[in-house]
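What follows is a single structure, written as structure tokens, with notes after it.
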Amino acid sequence: MMTPKIKFFHRKNIKMALFGALLVSLTPGSFTPSSLFSAETLPKPWLKISSHTLLSGARDFTPQPSQELTFHHPLMTIRVYARKFIPGEPAYIEVIPKEGENLDHYQFSFHEIEILLTRYDWGYRGFFPISPYLNDQIKKTKDYMLEVTPPGHLAHLEKKYPLSIYKANFFTSRTTLNVGKYARSEKTRQELRQIEEGRKKKSQAYATLTSNMINNKISHPRDFHYITSPFWSKRIYARYKKKGGKKIYQKPRVSIHQGLDFRAPEGAPIYAIASGRVVLAEKLYYEGNCVIVNHGNAIFSVYSHMSELKVYQHQYVRAGRLLGLSGETGQVTGPHLHLALYINGVPVNPLGFLSLPIRN
Ligand SMILES: [Zn+2]
């Protein structure tokens, strides 16, 4: 888990806003295979999904509207948005100061983890994770605290607001596996070296801390929408070996899917979901050809198993930028896109991100 120490950052995306305005005026078209090749220069059409937010969409995808909670503090109004207030969802927060109030030195946290905010001319905004790990603590619903801490701990301005989180219904699948078939489960020295190298490179990538780069334009990662494996689904592998025609069961293996799988035939375009800087673009043992984008304020998106990369490390990318072409590199059984999103090191559902009414 990262414990970033950044506080507030000022906006610096005026040029981006102008660029976006030009794109909005393009007429929406349909996505045909031939349009794949122009994807790099001509992004998908932009749709307005809230009064401030533009989404570069995908066929068969309409983002669910987000839910909103409002809290009234003597010096500010706080609005919190999420597709659903359940574990595993990314949440978006706006803090609007009362006339003339400066809240630069206020601290905000959810469930005791600091929320990093960015300053705009209308107030402050940021993102925080509703950790999927909370689900085990919740029977039906449970309150977690959103805290406002003033500088100097002025007691009368210190407030706690309960945020009701509902239990999520994560998907569980059971697979029976003949481990005799996979006898070669021991990894070779070379493979172990590749795994260790990948681990180091990833932790280096996640260690890059920068100010916010997310603006009001976000993008679906594909040109059409089809989920093949949902977020946080639990896969239970009942493993057995055959001995004399009898199945001898071993300890089941449980794995949790910390991302989202999208259908993506070999060579299909993969797009950045938000603006940011590429902090990793190379082949790793498990992820195959992988791109990690740093969106600032400890938010990272990860795109795995690509056949070809179209960006390089340190490159700045806008939402909707072609990152690569889908494939089946790394430890997979077929071509698809595995997309993961982390906020403060906590995995969240990337689909929830596409519902947030982000503004600049
Ligand atoms: Zn996956």
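Lettering and numbering for the structure tokens are positional, with chains as A, B, ... in the shown order, residues counted from 1 in each chain, and ligands counted from 1 in the shown order.
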Please, which residues in chain A fall within 12 Å of ligand 1 when counting only C-alpha atoms and all ligand atoms, and what is the closest atom pair and distance in Å to one decimal for each, ordered by chain then residue number, as CSV?
residue,atom,partner,partner_atom_place_in_ligand_line,distance
A:Ile227,CA,ligand 1,1 (Zn),10.0
A:Thr228,CA,ligand 1,1 (Zn),8.7
A:Ser229,CA,ligand 1,1 (Zn),6.7
A:Pro230,CA,ligand 1,1 (Zn),8.2
A:Phe231,CA,ligand 1,1 (Zn),8.2
A:Trp232,CA,ligand 1,1 (Zn),9.6
A:Ser233,CA,ligand 1,1 (Zn),9.8
A:Lys234,CA,ligand 1,1 (Zn),11.5
A:Arg235,CA,ligand 1,1 (Zn),11.3
A:Ser255,CA,ligand 1,1 (Zn),11.1
A:Ile256,CA,ligand 1,1 (Zn),9.6
A:His257,CA,ligand 1,1 (Zn),6.2
A:Gln258,CA,ligand 1,1 (Zn),7.3
A:Gly259,CA,ligand 1,1 (Zn),5.5
A:Leu260,CA,ligand 1,1 (Zn),5.4
A:Asp261,CA,ligand 1,1 (Zn),4.6
A:Phe262,CA,ligand 1,1 (Zn),8.1
A:Arg263,CA,ligand 1,1 (Zn),10.5
A:Ala264,CA,ligand 1,1 (Zn),11.9
A:Tyr286,CA,ligand 1,1 (Zn),10.8
A:Glu287,CA,ligand 1,1 (Zn),9.4
A:Val302,CA,ligand 1,1 (Zn),10.8
A:Tyr303,CA,ligand 1,1 (Zn),9.7
A:Ser304,CA,ligand 1,1 (Zn),8.3
A:His305,CA,ligand 1,1 (Zn),9.3
A:Glu328,CA,ligand 1,1 (Zn),11.4
A:Gly330,CA,ligand 1,1 (Zn),11.4
A:Gln331,CA,ligand 1,1 (Zn),10.2
A:Val332,CA,ligand 1,1 (Zn),8.7
A:Thr333,CA,ligand 1,1 (Zn),10.7
A:Gly334,CA,ligand 1,1 (Zn),11.0
A:Pro335,CA,ligand 1,1 (Zn),10.7
A:His336,CA,ligand 1,1 (Zn),8.2
A:Leu337,CA,ligand 1,1 (Zn),7.2
A:His338,CA,ligand 1,1 (Zn),4.3
A:Leu339,CA,ligand 1,1 (Zn),6.8
A:Ala340,CA,ligand 1,1 (Zn),8.1
A:Leu341,CA,ligand 1,1 (Zn),11.8
A:Asn349,CA,ligand 1,1 (Zn),11.8
A:Pro350,CA,ligand 1,1 (Zn),12.0
I need the residues from that last selection saved to file as a short mmCIF file (atom, residue, chain, number, x, y, z; two decimals), in the first residue's frame (with N, CA and C atoms), if you can.
data_model
loop_
_atom_site.label_atom_id
_atom_site.label_comp_id
_atom_site.auth_asym_id
_atom_site.auth_seq_id
_atom_site.Cartn_x
_atom_site.Cartn_y
_atom_site.Cartn_z
N ILE A 227 -17.93 -8.00 -21.36
CA ILE A 227 -17.11 -8.45 -20.22
C ILE A 227 -17.09 -9.98 -20.23
N THR A 228 -15.91 -10.56 -20.22
CA THR A 228 -15.83 -12.02 -20.18
C THR A 228 -15.55 -12.54 -18.77
N SER A 229 -14.99 -11.71 -17.91
CA SER A 229 -14.79 -12.12 -16.52
C SER A 229 -14.88 -10.88 -15.64
N PRO A 230 -15.87 -10.85 -14.71
CA PRO A 230 -16.11 -9.64 -13.93
C PRO A 230 -15.04 -9.37 -12.87
N PHE A 231 -15.08 -8.16 -12.34
CA PHE A 231 -14.14 -7.72 -11.32
C PHE A 231 -14.39 -8.48 -10.01
N TRP A 232 -13.30 -8.85 -9.36
CA TRP A 232 -13.31 -9.48 -8.04
C TRP A 232 -14.07 -10.80 -8.01
N SER A 233 -14.16 -11.46 -9.16
CA SER A 233 -14.78 -12.77 -9.14
C SER A 233 -13.80 -13.75 -8.52
N LYS A 234 -14.36 -14.64 -7.75
CA LYS A 234 -13.54 -15.61 -7.04
C LYS A 234 -13.53 -16.88 -7.86
N ARG A 235 -12.37 -17.37 -8.19
CA ARG A 235 -12.29 -18.63 -8.93
C ARG A 235 -11.77 -19.70 -7.99
N SER A 255 -8.45 -18.09 -6.37
CA SER A 255 -7.83 -16.86 -6.85
C SER A 255 -8.91 -15.80 -7.05
N ILE A 256 -8.55 -14.56 -6.79
CA ILE A 256 -9.50 -13.46 -6.95
C ILE A 256 -9.07 -12.62 -8.13
N HIS A 257 -10.02 -12.33 -8.98
CA HIS A 257 -9.75 -11.57 -10.20
C HIS A 257 -9.70 -10.08 -9.86
N GLN A 258 -8.50 -9.53 -9.85
CA GLN A 258 -8.34 -8.15 -9.40
C GLN A 258 -8.52 -7.14 -10.53
N GLY A 259 -9.12 -7.57 -11.61
CA GLY A 259 -9.36 -6.66 -12.73
C GLY A 259 -10.59 -7.09 -13.47
N LEU A 260 -10.66 -6.67 -14.72
CA LEU A 260 -11.84 -6.90 -15.53
C LEU A 260 -11.36 -7.44 -16.87
N ASP A 261 -12.00 -8.51 -17.37
CA ASP A 261 -11.62 -9.02 -18.69
C ASP A 261 -12.63 -8.57 -19.74
N PHE A 262 -12.10 -8.01 -20.82
CA PHE A 262 -12.94 -7.58 -21.94
C PHE A 262 -12.67 -8.49 -23.11
N ARG A 263 -13.72 -8.82 -23.84
CA ARG A 263 -13.51 -9.58 -25.07
C ARG A 263 -12.70 -8.70 -26.03
N ALA A 264 -11.69 -9.29 -26.61
CA ALA A 264 -10.84 -8.55 -27.54
C ALA A 264 -10.12 -9.55 -28.42
N TYR A 286 3.76 -12.60 -16.35
CA TYR A 286 2.33 -12.90 -16.22
C TYR A 286 1.47 -12.04 -17.14
N GLU A 287 1.80 -10.76 -17.22
CA GLU A 287 0.96 -9.79 -17.93
C GLU A 287 1.19 -9.79 -19.43
N VAL A 302 -3.82 -0.46 -15.68
CA VAL A 302 -2.92 -1.49 -16.20
C VAL A 302 -3.62 -2.29 -17.30
N TYR A 303 -2.96 -2.42 -18.46
CA TYR A 303 -3.54 -3.10 -19.62
C TYR A 303 -2.61 -4.26 -19.96
N SER A 304 -3.14 -5.49 -19.95
CA SER A 304 -2.27 -6.67 -20.10
C SER A 304 -2.59 -7.52 -21.33
N HIS A 305 -1.63 -8.38 -21.66
CA HIS A 305 -1.74 -9.45 -22.68
C HIS A 305 -1.77 -8.96 -24.13
N GLU A 328 -2.59 -12.41 -26.76
CA GLU A 328 -2.63 -13.44 -25.72
C GLU A 328 -1.24 -13.68 -25.15
N GLY A 330 1.74 -13.48 -22.25
CA GLY A 330 1.70 -13.70 -20.81
C GLY A 330 0.95 -14.97 -20.47
N GLN A 331 0.52 -15.10 -19.22
CA GLN A 331 -0.13 -16.33 -18.77
C GLN A 331 -1.63 -16.28 -19.01
N VAL A 332 -2.04 -16.63 -20.20
CA VAL A 332 -3.46 -16.60 -20.56
C VAL A 332 -3.81 -17.79 -21.43
N THR A 333 -5.12 -18.01 -21.59
CA THR A 333 -5.56 -19.13 -22.43
C THR A 333 -6.12 -18.65 -23.76
N GLY A 334 -6.28 -17.35 -23.93
CA GLY A 334 -6.79 -16.83 -25.20
C GLY A 334 -6.69 -15.32 -25.21
N PRO A 335 -6.84 -14.71 -26.40
CA PRO A 335 -6.71 -13.24 -26.46
C PRO A 335 -7.85 -12.54 -25.72
N HIS A 336 -7.53 -11.55 -24.94
CA HIS A 336 -8.50 -10.67 -24.29
C HIS A 336 -7.75 -9.49 -23.69
N LEU A 337 -8.49 -8.52 -23.20
CA LEU A 337 -7.86 -7.42 -22.47
C LEU A 337 -8.14 -7.61 -20.99
N HIS A 338 -7.09 -7.67 -20.19
CA HIS A 338 -7.25 -7.62 -18.74
C HIS A 338 -6.92 -6.20 -18.32
N LEU A 339 -7.91 -5.52 -17.75
CA LEU A 339 -7.72 -4.13 -17.32
C LEU A 339 -7.84 -4.05 -15.80
N ALA A 340 -6.87 -3.40 -15.18
CA ALA A 340 -6.94 -3.20 -13.73
C ALA A 340 -6.79 -1.71 -13.43
N LEU A 341 -7.41 -1.28 -12.33
CA LEU A 341 -7.32 0.12 -11.91
C LEU A 341 -7.03 0.15 -10.41
N ASN A 349 -12.99 -1.48 -9.48
CA ASN A 349 -13.60 -1.87 -10.74
C ASN A 349 -13.46 -0.73 -11.77
N PRO A 350 -12.73 -0.98 -12.87
CA PRO A 350 -12.53 0.09 -13.86
C PRO A 350 -13.84 0.57 -14.48
#
Counting only C-alpha atoms, the option among A:Gln190, A:Thr176, A:Thr208, A:Gln250 closest to Tyr237 in chain A: A:Thr176
Near-Lys247 in chain A list (12 Å; only C-alpha atoms; drop same-chain fewer than 4 positions) as a list in words: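 Listing them by chain and then by number gives Thr176, Leu177, Asn178, Val179, Gly180, Ala238, Arg239, Tyr240, Lys241, Lys242 and Lys243 of chain A.
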Please save N, CA and C atoms of the selected residues as a CSV table (one decimal), in the first residue's frame.
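Once everything was written out, this is again.csv:
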chain,number,residue,atom,x,y,z
A,176,THR,N,-13.1,-27.5,-12.0
A,176,THR,CA,-12.4,-28.7,-11.5
A,176,THR,C,-11.2,-28.9,-12.5
A,177,LEU,N,-10.1,-29.2,-11.9
A,177,LEU,CA,-8.8,-29.2,-12.6
A,177,LEU,C,-8.1,-30.5,-12.3
A,178,ASN,N,-7.7,-31.2,-13.4
A,178,ASN,CA,-6.9,-32.4,-13.2
A,178,ASN,C,-5.5,-32.0,-13.2
A,179,VAL,N,-4.9,-32.0,-12.0
A,179,VAL,CA,-3.5,-31.4,-11.9
A,179,VAL,C,-2.5,-32.4,-12.5
A,180,GLY,N,-2.9,-33.6,-12.8
A,180,GLY,CA,-2.0,-34.5,-13.5
A,180,GLY,C,-1.6,-33.9,-14.8
A,238,ALA,N,-11.0,-26.7,-7.8
A,238,ALA,CA,-11.0,-28.0,-7.1
A,238,ALA,C,-10.0,-28.9,-7.9
A,239,ARG,N,-8.9,-29.2,-7.3
A,239,ARG,CA,-7.8,-29.9,-8.0
A,239,ARG,C,-7.7,-31.4,-7.6
A,240,TYR,N,-7.6,-32.2,-8.6
A,240,TYR,CA,-7.4,-33.6,-8.3
A,240,TYR,C,-6.4,-34.3,-9.1
A,241,LYS,N,-5.9,-35.5,-8.7
A,241,LYS,CA,-5.0,-36.3,-9.5
A,241,LYS,C,-5.7,-37.6,-9.6
A,242,LYS,N,-5.5,-38.3,-10.8
A,242,LYS,CA,-6.1,-39.6,-11.0
A,242,LYS,C,-5.2,-40.7,-10.5
A,243,LYS,N,-5.7,-41.6,-9.7
A,243,LYS,CA,-4.9,-42.7,-9.3
A,243,LYS,C,-5.8,-44.0,-9.4
Nearest residue to Gly126 in chain A from the set A:Pro87, A:Pro357, A:Pro45, A:Pro265 (distances using only C-alpha atoms):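 Checking each candidate against Gly126 in chain A, we get A:Pro357 as the closest.
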Two-atom distance - CA of Phe127 in chain A, CA of Val80 in chain A (Å):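 Computing the Euclidean distance for CA of Phe127 in chain A and CA of Val80 in chain A yields 9.3 Å.
CA of Asp136 in chain A sits 21.9 Å away from CA of Tyr161 in chain A.
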Each range 168-247 of chain A residue no farther than 7 Å from range 54-66 of chain A, nearest pair in Å, only C-alpha atoms, as a tab-separated table:
residue	atom	partner	partner_atom	distance
A:Asn216	CA	A:Leu54	CA	6.2
A:Lys217	CA	A:Leu54	CA	4.8
A:Ile218	CA	A:Leu55	CA	5.0
A:Ser219	CA	A:Ser56	CA	4.4
A:His220	CA	A:Gly57	CA	5.4
A:Arg222	CA	A:Ala58	CA	6.2
A:Asp223	CA	A:Ala58	CA	4.5
A:Phe224	CA	A:Arg59	CA	4.2
A:His225	CA	A:Asp60	CA	5.5
For Ser326 in chain A: contacts at 6 Å, only C-alpha atoms, fewer than 5 positions along chain excluded, given as JSON, numbers by chain: {"A": [266, 267, 268, 306, 307]}
Output the selection as a PDB file, in the first residue's frame - N, CA and C atoms for each residue.
ATOM      1  N   GLU A 266      -7.601 -11.002 -31.233  1.00  0.00           N
ATOM      2  CA  GLU A 266      -6.213 -10.632 -31.555  1.00  0.00           C
ATOM      3  C   GLU A 266      -6.191  -9.395 -32.464  1.00  0.00           C
ATOM      4  N   GLY A 267      -5.426  -8.395 -32.072  1.00  0.00           N
ATOM      5  CA  GLY A 267      -5.236  -7.222 -32.926  1.00  0.00           C
ATOM      6  C   GLY A 267      -6.256  -6.105 -32.733  1.00  0.00           C
ATOM      7  N   ALA A 268      -7.160  -6.253 -31.764  1.00  0.00           N
ATOM      8  CA  ALA A 268      -8.173  -5.204 -31.519  1.00  0.00           C
ATOM      9  C   ALA A 268      -7.538  -4.042 -30.748  1.00  0.00           C
ATOM     10  N   MET A 306      -1.251  -7.764 -24.385  1.00  0.00           N
ATOM     11  CA  MET A 306      -1.326  -7.231 -25.745  1.00  0.00           C
ATOM     12  C   MET A 306      -0.347  -7.924 -26.705  1.00  0.00           C
ATOM     13  N   SER A 307      -0.709  -7.903 -28.000  1.00  0.00           N
ATOM     14  CA  SER A 307       0.169  -8.498 -29.007  1.00  0.00           C
ATOM     15  C   SER A 307       1.211  -7.475 -29.453  1.00  0.00           C
TER      16      SER A 307
END
Spatial neighbours of Gly152 in chain A, 10 Å, only C-alpha atoms, chain gap at least 3 places, as a PyMOL selection string: chain A and resi 105-106+149+155
Output for the residues just chosen: C-alpha atoms as a PDB file, in the first residue's frame:
ATOM      1  CA  HIS A 105      -4.832  22.951   4.469  1.00  0.00           C
ATOM      2  CA  TYR A 106      -7.823  20.760   5.223  1.00  0.00           C
ATOM      3  CA  THR A 149      -9.748  17.460   9.513  1.00  0.00           C
ATOM      4  CA  ALA A 155     -12.381  20.873  17.125  1.00  0.00           C
TER       5      ALA A 155
END
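Shortest separation to Met145 in chain A among A:Thr77, A:Ser109, A:Ser51, A:Thr118 occurs at residue A:Ser109, atoms counted being only C-alpha atoms.
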Residues near His111 in chain A, cut-off 12 Å, only C-alpha atoms, skip fewer than 2 positions along chain, as a list in words: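 Close residues of His111 in chain A: Phe108, Ser109, Ile113, Glu114, Ile115, Phe128, Pro129, Ile130, Ser131, Leu134, Lys142, Asp143, Tyr144, Met145, Leu146, Glu147, Val148, Lys160, Tyr161, Pro162, Leu163, Ser164 and Ile165 of chain A.
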Separation of CA of Asn297 in chain A from CA of Glu197 in chain A in Å: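 Result for CA of Glu197 in chain A versus CA of Asn297 in chain A: 25.5 Å, one decimal.
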